[in-house]
file coords28.pdb (PDB, C-alpha atoms, pLDDT in the B column)
ATOM      1  CA  MET J 938     -36.607   4.821  -2.449  1.00 43.00           C
ATOM      2  CA  SER J 939     -34.156   3.882   0.291  1.00 46.00           C
ATOM      3  CA  VAL J 940     -31.315   1.470  -0.276  1.00 48.00           C
ATOM      4  CA  ARG J 941     -33.050  -1.198   1.799  1.00 48.00           C
ATOM      5  CA  ASP J 942     -36.280  -0.826  -0.214  1.00 51.00           C
ATOM      6  CA  ALA J 943     -34.366  -1.650  -3.382  1.00 53.00           C
ATOM      7  CA  LEU J 944     -32.858  -4.868  -2.047  1.00 54.00           C
ATOM      8  CA  THR J 945     -34.273  -8.367  -2.402  1.00 59.00           C
ATOM      9  CA  LYS J 946     -35.321 -10.335   0.697  1.00 58.00           C
ATOM     10  CA  GLU J 947     -32.097 -12.324   0.674  1.00 59.00           C
ATOM     11  CA  GLN J 948     -30.090  -9.167   0.307  1.00 57.00           C
ATOM     12  CA  VAL J 949     -31.997  -7.570   3.170  1.00 57.00           C
ATOM     13  CA  ASN J 950     -31.167 -10.566   5.357  1.00 56.00           C
ATOM     14  CA  ARG J 951     -27.499 -10.293   4.440  1.00 62.00           C
ATOM     15  CA  ALA J 952     -27.535  -6.545   4.778  1.00 66.00           C
ATOM     16  CA  ALA J 953     -29.221  -6.624   8.182  1.00 71.00           C
ATOM     17  CA  ASP J 954     -25.928  -6.850  10.041  1.00 84.00           C
ATOM     18  CA  ILE J 955     -24.201  -4.185   7.994  1.00 94.00           C
ATOM     19  CA  PRO J 956     -24.074  -0.788   9.672  1.00 95.00           C
ATOM     20  CA  PRO J 957     -26.393   1.514   7.674  1.00 95.00           C
ATOM     21  CA  GLU J 958     -23.698   4.070   6.968  1.00 96.00           C
ATOM     22  CA  TRP J 959     -21.443   1.371   5.481  1.00 97.00           C
ATOM     23  CA  LEU J 960     -24.316  -0.011   3.419  1.00 96.00           C
ATOM     24  CA  GLU J 961     -24.951   3.439   1.991  1.00 97.00           C
ATOM     25  CA  GLU J 962     -21.265   3.729   1.110  1.00 97.00           C
ATOM     26  CA  PHE J 963     -21.219   0.296  -0.568  1.00 97.00           C
ATOM     27  CA  GLU J 964     -24.287   1.207  -2.615  1.00 97.00           C
ATOM     28  CA  ALA J 965     -22.861   4.574  -3.568  1.00 97.00           C
ATOM     29  CA  ALA J 966     -19.588   2.949  -4.665  1.00 97.00           C
ATOM     30  CA  ALA J 967     -21.492   0.380  -6.718  1.00 96.00           C
ATOM     31  CA  ARG J 968     -23.116   3.187  -8.688  1.00 97.00           C
ATOM     32  CA  ARG J 969     -19.760   4.720  -9.646  1.00 97.00           C
ATOM     33  CA  PRO J 970     -17.797   3.584 -12.673  1.00 97.00           C
ATOM     34  CA  LEU J 971     -14.600   1.727 -11.877  1.00 97.00           C
ATOM     35  CA  ALA J 972     -12.335   4.540 -13.064  1.00 97.00           C
ATOM     36  CA  LEU J 973     -13.999   6.944 -10.633  1.00 97.00           C
ATOM     37  CA  ARG J 974     -13.885   4.419  -7.782  1.00 96.00           C
ATOM     38  CA  MET J 975     -10.161   4.085  -8.374  1.00 96.00           C
ATOM     39  CA  ARG J 976      -9.648   7.843  -8.465  1.00 96.00           C
ATOM     40  CA  TYR J 977     -11.277   8.098  -5.047  1.00 96.00           C
ATOM     41  CA  ALA J 978      -9.481   5.048  -3.661  1.00 96.00           C
ATOM     42  CA  PHE J 979      -5.825   5.394  -4.598  1.00 96.00           C
ATOM     43  CA  ILE J 980      -3.992   8.066  -2.688  1.00 94.00           C
ATOM     44  CA  HIS J 981      -0.362   8.772  -2.061  1.00 89.00           C
ATOM     45  CA  THR J 982       1.168   9.862   1.179  1.00 90.00           C
ATOM     46  CA  TYR J 983       4.796   9.477   2.164  1.00 94.00           C
ATOM     47  CA  LYS J 984       5.447   6.460   4.369  1.00 94.00           C
ATOM     48  CA  PRO J 985       8.736   6.819   6.235  1.00 96.00           C
ATOM     49  CA  VAL J 986      11.343   4.123   5.609  1.00 97.00           C
ATOM     50  CA  LEU J 987       8.987   2.139   3.404  1.00 95.00           C
ATOM     51  CA  ASP J 988       9.130   4.766   0.666  1.00 95.00           C
ATOM     52  CA  ASP J 989      12.843   5.423   1.003  1.00 96.00           C
ATOM     53  CA  ALA J 990      14.041   2.676  -1.324  1.00 97.00           C
ATOM     54  CA  THR J 991      13.136   2.064  -4.940  1.00 97.00           C
ATOM     55  CA  TYR J 992      13.325  -1.722  -4.665  1.00 98.00           C
ATOM     56  CA  ARG J 993      13.148  -4.306  -1.901  1.00 98.00           C
ATOM     57  CA  SER J 994      12.758  -8.043  -2.034  1.00 98.00           C
ATOM     58  CA  PHE J 995      12.347 -10.745   0.552  1.00 98.00           C
ATOM     59  CA  GLU J 996      12.916 -14.463   0.214  1.00 98.00           C
ATOM     60  CA  THR J 997       9.955 -15.268   2.467  1.00 98.00           C
ATOM     61  CA  MET J 998       6.896 -13.437   3.766  1.00 97.00           C
ATOM     62  CA  GLU J 999       8.157 -14.097   7.283  1.00 97.00           C
ATOM     63  CA  GLU J1000      11.382 -12.256   6.434  1.00 98.00           C
ATOM     64  CA  TYR J1001       9.323  -9.336   5.100  1.00 98.00           C
ATOM     65  CA  ARG J1002       7.083  -9.204   8.174  1.00 97.00           C
ATOM     66  CA  ARG J1003      10.115  -9.225  10.490  1.00 97.00           C
ATOM     67  CA  TRP J1004      11.776  -6.483   8.470  1.00 98.00           C
ATOM     68  CA  CYS J1005       8.635  -4.357   8.779  1.00 97.00           C
ATOM     69  CA  GLU J1006       8.458  -4.916  12.528  1.00 96.00           C
ATOM     70  CA  LYS J1007      12.121  -4.062  13.001  1.00 97.00           C
ATOM     71  CA  ASN J1008      12.343  -1.061  10.696  1.00 98.00           C
ATOM     72  CA  LEU J1009       8.987   0.661  10.315  1.00 97.00           C
ATOM     73  CA  PRO J1010       7.407   3.053  12.809  1.00 97.00           C
ATOM     74  CA  MET J1011       4.722   1.305  14.833  1.00 96.00           C
ATOM     75  CA  TRP J1012       2.101   3.854  13.833  1.00 95.00           C
ATOM     76  CA  LEU J1013       2.227   2.681  10.225  1.00 95.00           C
ATOM     77  CA  GLY J1014       0.423  -0.432  11.400  1.00 94.00           C
ATOM     78  CA  TYR J1015       2.660  -3.056   9.771  1.00 95.00           C
ATOM     79  CA  ALA J1016       3.474  -4.880  13.002  1.00 94.00           C
ATOM     80  CA  ARG J1017       1.680  -8.145  13.656  1.00 94.00           C
ATOM     81  CA  LEU J1018      -0.586  -8.352  16.661  1.00 88.00           C
TER      82      LEU J1018
ATOM     83  CA  MET R1067       5.094   9.573  -6.925  1.00 76.00           C
ATOM     84  CA  PRO R1068       1.500  10.348  -7.933  1.00 80.00           C
ATOM     85  CA  ALA R1069      -1.319   8.024  -6.929  1.00 87.00           C
ATOM     86  CA  PHE R1070      -2.046   4.881  -8.925  1.00 92.00           C
ATOM     87  CA  GLU R1071      -4.590   5.561 -11.660  1.00 93.00           C
ATOM     88  CA  TYR R1072      -7.137   3.565 -13.619  1.00 95.00           C
ATOM     89  CA  ARG R1073      -5.123   4.171 -16.786  1.00 96.00           C
ATOM     90  CA  GLN R1074      -2.115   2.503 -15.169  1.00 96.00           C
ATOM     91  CA  ALA R1075      -4.205  -0.443 -14.076  1.00 97.00           C
ATOM     92  CA  GLU R1076      -5.273  -0.756 -17.702  1.00 97.00           C
ATOM     93  CA  GLU R1077      -1.625  -0.680 -18.782  1.00 97.00           C
ATOM     94  CA  ILE R1078      -0.848  -3.537 -16.399  1.00 97.00           C
ATOM     95  CA  ARG R1079      -3.875  -5.487 -17.581  1.00 98.00           C
ATOM     96  CA  ASP R1080      -3.073  -5.034 -21.251  1.00 97.00           C
ATOM     97  CA  ALA R1081       0.681  -5.627 -20.976  1.00 98.00           C
ATOM     98  CA  PHE R1082       0.234  -8.701 -18.813  1.00 98.00           C
ATOM     99  CA  ALA R1083      -2.411 -10.049 -21.179  1.00 98.00           C
ATOM    100  CA  ARG R1084      -0.009  -9.673 -24.116  1.00 98.00           C
ATOM    101  CA  HIS R1085       2.580 -11.676 -22.201  1.00 98.00           C
ATOM    102  CA  ARG R1086      -0.011 -14.181 -20.915  1.00 98.00           C
ATOM    103  CA  ILE R1087       0.985 -13.515 -17.319  1.00 98.00           C
ATOM    104  CA  ARG R1088      -1.053 -15.251 -14.637  1.00 98.00           C
ATOM    105  CA  TYR R1089      -1.701 -12.832 -11.776  1.00 98.00           C
ATOM    106  CA  LEU R1090      -4.474 -11.523  -9.570  1.00 98.00           C
ATOM    107  CA  PHE R1091      -5.109  -8.206  -7.881  1.00 98.00           C
ATOM    108  CA  ILE R1092      -5.123  -8.876  -4.148  1.00 98.00           C
ATOM    109  CA  GLY R1093      -5.248  -6.896  -0.913  1.00 97.00           C
ATOM    110  CA  LYS R1094      -7.139  -3.679  -0.609  1.00 96.00           C
ATOM    111  CA  SER R1095      -6.474  -2.802  -4.249  1.00 97.00           C
ATOM    112  CA  GLY R1096      -8.254  -6.019  -5.214  1.00 98.00           C
ATOM    113  CA  ALA R1097     -11.153  -5.221  -2.901  1.00 98.00           C
ATOM    114  CA  ILE R1098     -11.434  -1.758  -4.450  1.00 97.00           C
ATOM    115  CA  LEU R1099     -11.711  -3.304  -7.907  1.00 98.00           C
ATOM    116  CA  LEU R1100     -14.570  -5.425  -6.547  1.00 98.00           C
ATOM    117  CA  GLY R1101     -16.291  -2.249  -5.351  1.00 97.00           C
ATOM    118  CA  PHE R1102     -15.000  -1.802  -1.803  1.00 98.00           C
ATOM    119  CA  PRO R1103     -15.001   1.915  -0.989  1.00 97.00           C
ATOM    120  CA  ASP R1104     -11.790   2.650   0.873  1.00 96.00           C
ATOM    121  CA  THR R1105      -8.364   4.134   0.303  1.00 95.00           C
ATOM    122  CA  THR R1106      -5.003   2.547  -0.381  1.00 94.00           C
ATOM    123  CA  GLN R1107      -1.644   3.524  -1.812  1.00 90.00           C
ATOM    124  CA  ASP R1108      -0.263   0.602  -3.762  1.00 88.00           C
ATOM    125  CA  ALA R1109      -1.456  -2.013  -6.163  1.00 96.00           C
ATOM    126  CA  ASP R1110      -0.787  -5.527  -4.886  1.00 97.00           C
ATOM    127  CA  LEU R1111      -0.443  -8.362  -7.366  1.00 98.00           C
ATOM    128  CA  PHE R1112      -0.464 -12.061  -6.503  1.00 98.00           C
ATOM    129  CA  VAL R1113       1.630 -13.662  -9.231  1.00 98.00           C
ATOM    130  CA  GLU R1114       1.854 -17.333 -10.106  1.00 98.00           C
ATOM    131  CA  ARG R1115       5.337 -18.619  -9.401  1.00 98.00           C
ATOM    132  CA  THR R1116       6.527 -20.421 -12.500  1.00 97.00           C
ATOM    133  CA  ALA R1117       9.707 -19.825 -14.482  1.00 96.00           C
ATOM    134  CA  GLU R1118       7.782 -18.907 -17.611  1.00 98.00           C
ATOM    135  CA  ASN R1119       5.467 -16.529 -15.758  1.00 98.00           C
ATOM    136  CA  GLY R1120       8.400 -14.903 -13.980  1.00 98.00           C
ATOM    137  CA  ARG R1121      10.322 -14.276 -17.203  1.00 98.00           C
ATOM    138  CA  ALA R1122       7.259 -12.782 -18.856  1.00 98.00           C
ATOM    139  CA  LEU R1123       6.577 -10.649 -15.783  1.00 98.00           C
ATOM    140  CA  ALA R1124      10.074  -9.150 -15.677  1.00 98.00           C
ATOM    141  CA  GLN R1125       9.969  -8.385 -19.382  1.00 98.00           C
ATOM    142  CA  SER R1126       6.521  -6.869 -19.118  1.00 98.00           C
ATOM    143  CA  LEU R1127       7.493  -4.679 -16.148  1.00 98.00           C
ATOM    144  CA  ARG R1128      10.435  -3.310 -18.130  1.00 98.00           C
ATOM    145  CA  GLU R1129       8.074  -2.512 -20.989  1.00 97.00           C
ATOM    146  CA  LEU R1130       5.829  -0.671 -18.538  1.00 97.00           C
ATOM    147  CA  GLY R1131       8.767   1.505 -17.525  1.00 97.00           C
ATOM    148  CA  PHE R1132      10.175  -0.159 -14.422  1.00 98.00           C
ATOM    149  CA  ALA R1133      13.937   0.327 -14.246  1.00 97.00           C
ATOM    150  CA  LEU R1134      14.968  -3.181 -13.254  1.00 98.00           C
ATOM    151  CA  THR R1135      18.586  -4.194 -12.944  1.00 98.00           C
ATOM    152  CA  ASP R1136      19.465  -7.644 -14.193  1.00 98.00           C
ATOM    153  CA  ALA R1137      19.706  -8.841 -10.590  1.00 98.00           C
ATOM    154  CA  GLN R1138      16.247  -7.496  -9.795  1.00 98.00           C
ATOM    155  CA  ALA R1139      14.776  -9.030 -12.929  1.00 98.00           C
ATOM    156  CA  SER R1140      16.348 -12.325 -11.905  1.00 98.00           C
ATOM    157  CA  GLU R1141      14.668 -12.135  -8.479  1.00 98.00           C
ATOM    158  CA  ILE R1142      11.319 -11.478 -10.124  1.00 98.00           C
ATOM    159  CA  GLU R1143      11.830 -14.379 -12.517  1.00 98.00           C
ATOM    160  CA  ARG R1144      12.670 -16.607  -9.574  1.00 97.00           C
ATOM    161  CA  GLY R1145       9.630 -15.405  -7.658  1.00 97.00           C
ATOM    162  CA  LYS R1146      10.892 -14.275  -4.275  1.00 98.00           C
ATOM    163  CA  ASP R1147       7.951 -14.245  -1.881  1.00 98.00           C
ATOM    164  CA  PHE R1148       7.602 -10.455  -1.710  1.00 98.00           C
ATOM    165  CA  ILE R1149       8.986  -7.764  -4.005  1.00 98.00           C
ATOM    166  CA  GLN R1150       8.307  -4.072  -3.592  1.00 98.00           C
ATOM    167  CA  LEU R1151       8.771  -1.945  -6.704  1.00 97.00           C
ATOM    168  CA  LYS R1152       9.088   1.817  -6.510  1.00 96.00           C
ATOM    169  CA  ASN R1153      11.329   2.183  -9.535  1.00 95.00           C
ATOM    170  CA  GLY R1154       8.678   2.619 -12.190  1.00 95.00           C
ATOM    171  CA  PRO R1155       5.757   4.805 -13.221  1.00 94.00           C
ATOM    172  CA  PHE R1156       3.749   3.625 -10.184  1.00 93.00           C
ATOM    173  CA  ASP R1157       4.335   1.628  -7.014  1.00 94.00           C
ATOM    174  CA  LEU R1158       3.680  -2.077  -7.195  1.00 97.00           C
ATOM    175  CA  ASP R1159       3.933  -4.919  -4.708  1.00 98.00           C
ATOM    176  CA  LEU R1160       4.504  -8.382  -6.176  1.00 98.00           C
ATOM    177  CA  ILE R1161       3.441 -11.196  -3.879  1.00 98.00           C
ATOM    178  CA  PHE R1162       4.240 -14.752  -4.812  1.00 98.00           C
ATOM    179  CA  ALA R1163       3.145 -16.380  -1.547  1.00 97.00           C
ATOM    180  CA  PRO R1164       0.468 -14.359   0.235  1.00 97.00           C
ATOM    181  CA  ASP R1165      -0.421 -15.360   3.765  1.00 96.00           C
ATOM    182  CA  GLY R1166      -3.653 -17.325   4.044  1.00 96.00           C
ATOM    183  CA  ILE R1167      -3.777 -18.684   0.470  1.00 97.00           C
ATOM    184  CA  ALA R1168      -2.233 -22.091  -0.097  1.00 94.00           C
ATOM    185  CA  ARG R1169      -1.801 -22.109  -3.860  1.00 97.00           C
ATOM    186  CA  PHE R1170      -2.187 -19.690  -6.748  1.00 98.00           C
ATOM    187  CA  SER R1171      -4.310 -22.255  -8.563  1.00 98.00           C
ATOM    188  CA  ASP R1172      -6.802 -22.241  -5.678  1.00 97.00           C
ATOM    189  CA  ALA R1173      -7.187 -18.478  -5.846  1.00 98.00           C
ATOM    190  CA  TRP R1174      -7.330 -18.556  -9.641  1.00 98.00           C
ATOM    191  CA  ALA R1175     -10.189 -21.061  -9.534  1.00 98.00           C
ATOM    192  CA  ARG R1176     -12.209 -18.623  -7.441  1.00 97.00           C
ATOM    193  CA  HIS R1177     -11.127 -15.367  -9.045  1.00 98.00           C
ATOM    194  CA  ILE R1178     -13.416 -12.650 -10.394  1.00 97.00           C
ATOM    195  CA  GLU R1179     -12.983 -10.647 -13.600  1.00 97.00           C
ATOM    196  CA  VAL R1180     -13.800  -6.942 -13.311  1.00 97.00           C
ATOM    197  CA  GLU R1181     -13.559  -5.136 -16.655  1.00 95.00           C
ATOM    198  CA  GLY R1182     -10.844  -7.583 -17.662  1.00 96.00           C
ATOM    199  CA  PHE R1183      -8.922  -7.213 -14.404  1.00 98.00           C
ATOM    200  CA  PRO R1184      -8.376 -10.571 -12.694  1.00 98.00           C
ATOM    201  CA  VAL R1185      -9.140 -10.130  -8.994  1.00 98.00           C
ATOM    202  CA  CYS R1186      -8.965 -12.482  -6.025  1.00 98.00           C
ATOM    203  CA  HIS R1187     -12.316 -13.496  -4.609  1.00 98.00           C
ATOM    204  CA  ILE R1188     -13.281 -11.364  -1.613  1.00 98.00           C
ATOM    205  CA  ASP R1189     -12.974 -14.442   0.610  1.00 98.00           C
ATOM    206  CA  ASP R1190      -9.327 -14.843  -0.406  1.00 98.00           C
ATOM    207  CA  ILE R1191      -8.640 -11.164   0.169  1.00 98.00           C
ATOM    208  CA  ILE R1192     -10.152 -11.442   3.641  1.00 98.00           C
ATOM    209  CA  ALA R1193      -8.349 -14.727   4.375  1.00 97.00           C
ATOM    210  CA  SER R1194      -5.041 -13.183   3.427  1.00 97.00           C
ATOM    211  CA  LYS R1195      -5.557 -10.112   5.599  1.00 96.00           C
ATOM    212  CA  ALA R1196      -6.781 -12.218   8.525  1.00 96.00           C
ATOM    213  CA  ALA R1197      -3.740 -14.496   8.293  1.00 96.00           C
ATOM    214  CA  THR R1198      -1.338 -11.577   8.147  1.00 94.00           C
ATOM    215  CA  ASN R1199      -2.881 -10.127  11.307  1.00 89.00           C
ATOM    216  CA  ARG R1200      -1.181  -6.746  11.238  1.00 94.00           C
ATOM    217  CA  GLN R1201      -2.693  -3.803  13.045  1.00 92.00           C
ATOM    218  CA  LYS R1202      -3.717  -2.166   9.777  1.00 91.00           C
ATOM    219  CA  ASP R1203      -5.331  -5.385   8.558  1.00 92.00           C
ATOM    220  CA  ARG R1204      -7.135  -5.947  11.835  1.00 91.00           C
ATOM    221  CA  GLU R1205      -8.596  -2.451  11.575  1.00 92.00           C
ATOM    222  CA  SER R1206      -9.892  -2.946   8.037  1.00 94.00           C
ATOM    223  CA  LEU R1207     -11.343  -6.452   8.507  1.00 96.00           C
ATOM    224  CA  PRO R1208     -14.753  -5.582  10.034  1.00 96.00           C
ATOM    225  CA  ARG R1209     -15.573  -3.265   7.141  1.00 97.00           C
ATOM    226  CA  LEU R1210     -14.206  -5.744   4.594  1.00 97.00           C
ATOM    227  CA  ARG R1211     -16.351  -8.519   6.094  1.00 97.00           C
ATOM    228  CA  ALA R1212     -19.405  -6.274   5.967  1.00 97.00           C
ATOM    229  CA  PHE R1213     -18.597  -5.519   2.328  1.00 97.00           C
ATOM    230  CA  ARG R1214     -18.355  -9.265   1.664  1.00 97.00           C
ATOM    231  CA  GLU R1215     -21.899  -9.747   2.957  1.00 96.00           C
ATOM    232  CA  TYR R1216     -23.083  -6.941   0.728  1.00 96.00           C
ATOM    233  CA  TRP R1217     -21.067  -8.118  -2.298  1.00 96.00           C
ATOM    234  CA  ILE R1218     -22.091 -11.793  -2.052  1.00 94.00           C
ATOM    235  CA  GLY R1219     -25.768 -10.865  -2.061  1.00 88.00           C
ATOM    236  CA  ARG R1220     -25.490  -8.369  -4.869  1.00 84.00           C
ATOM    237  CA  PRO R1221     -26.468  -9.391  -8.400  1.00 75.00           C
ATOM    238  CA  ARG R1222     -23.550  -9.263 -10.855  1.00 70.00           C
TER     239      ARG R1222
END

call {"tool": "encode", "arguments": {"input": "coords28.pdb", "output": "structure tokens"}}
result
Amino acid sequence: MSVRDALTKEQVNRAADIPPEWLEEFEAAARRPLALRMRYAFIHTYKPVLDDATYRSFETMEEYRRWCEKNLPMWLGYARL
Amino acid sequence: MPAFEYRQAEEIRDAFARHRIRYLFIGKSGAILLGFPDTTQDADLFVERTAENGRALAQSLRELGFALTDAQASEIERGKDFIQLKNGPFDLDLIFAPDGIARFSDAWARHIEVEGFPVCHIDDIIASKAATNRQKDRESLPRLRAFREYWIGRPR
């Protein structure tokens, strides 16, 4: 039985706009226990600058965003668009 | 620093429950708890900013193994908007004022429990990422919105 066959009509309507490969991934994730989902999801790679201090704090979110834009490499994706 | 593990999430959940801390998983880590299949590095916690909650949070983090100076503990108690912790057994971001969510109580009213983990509703996670509008958020939003459509229609 395909994923779409197993869905209710309402779910099919909602799922209609979801790319099939994403829908398959969502269904596959839903079948996994949480501990396994987390094992697959949490990874660690070194992020330059960001990972070079053990503690940082910012009075406001705006201050944090500006710090990211000023100090982090653009390719990390922390700059606002 | 190894990757964040389920066991550590359980330690947070259990320690924070003992101290009656009001918090929610938010960001991609929250979405993952809801079932979103993706990758992330840190756990992000949206914490209610009250003096009592802040004191309990600092104490609980020390019990979990975070090496907080008195000055750092004081900042956590006070609830600075954003605090990044990499001085413990795992990395943790504490967010007291996430973009796109007006009040903690609003998010709490909508929150979802997943195996005892309090998690922001997917709409709040999306609203927060949309409001932040960083490149990395912009890239993840289409898939998150598709997951929302799937998740909303799914029996729980």

call {"tool": "resolve_selection", "arguments": {"input": "coords28.pdb", "expression": "the ChimeraX specification (/R :<8) & /J", "output": "PyMOL selection string"}}
result
chain J and resi 947-948+951-952+954-955+959-960+962-963+966-967+971-972+974-982+988+990-998+1001+1013-1018

call {"tool": "resolve_selection", "arguments": {"input": "coords28.pdb", "expression": "the PyMOL selection byres ((chain R and resi 1079) around 12)", "output": "ChimeraX atom specification"}}
result
/R:1072-1078,1080-1091,1111,1123,1126-1127,1130,1179-1185

call {"tool": "atom_distance", "arguments": {"input": "coords28.pdb", "atom1": "atom CA of R:Glu1143", "atom2": "atom CA of R:Arg1176"}}
result
24.9 Å

call {"tool": "axis_aligned_box", "arguments": {"input": "coords28.pdb", "around": "stretch 1202-1209 of chain R", "padding_each_side": "3 Å", "output": "lines of an AutoDock Vina configuration file"}}
result
center_x = -9.6
center_y = -4.3
center_z = 9.5
size_x = 17.9
size_y = 10.3
size_z = 10.7

call {"tool": "residues_around", "arguments": {"input": "coords28.pdb", "residues": "J:Leu1009", "least_positions_apart": "4", "cutoff": "8 Å", "atoms": "all atoms listed in the file", "output": "list in words"}}
result
Pro985, Val986, Leu987, Trp1004, Cys1005, Leu1013 and Tyr1015 of chain J
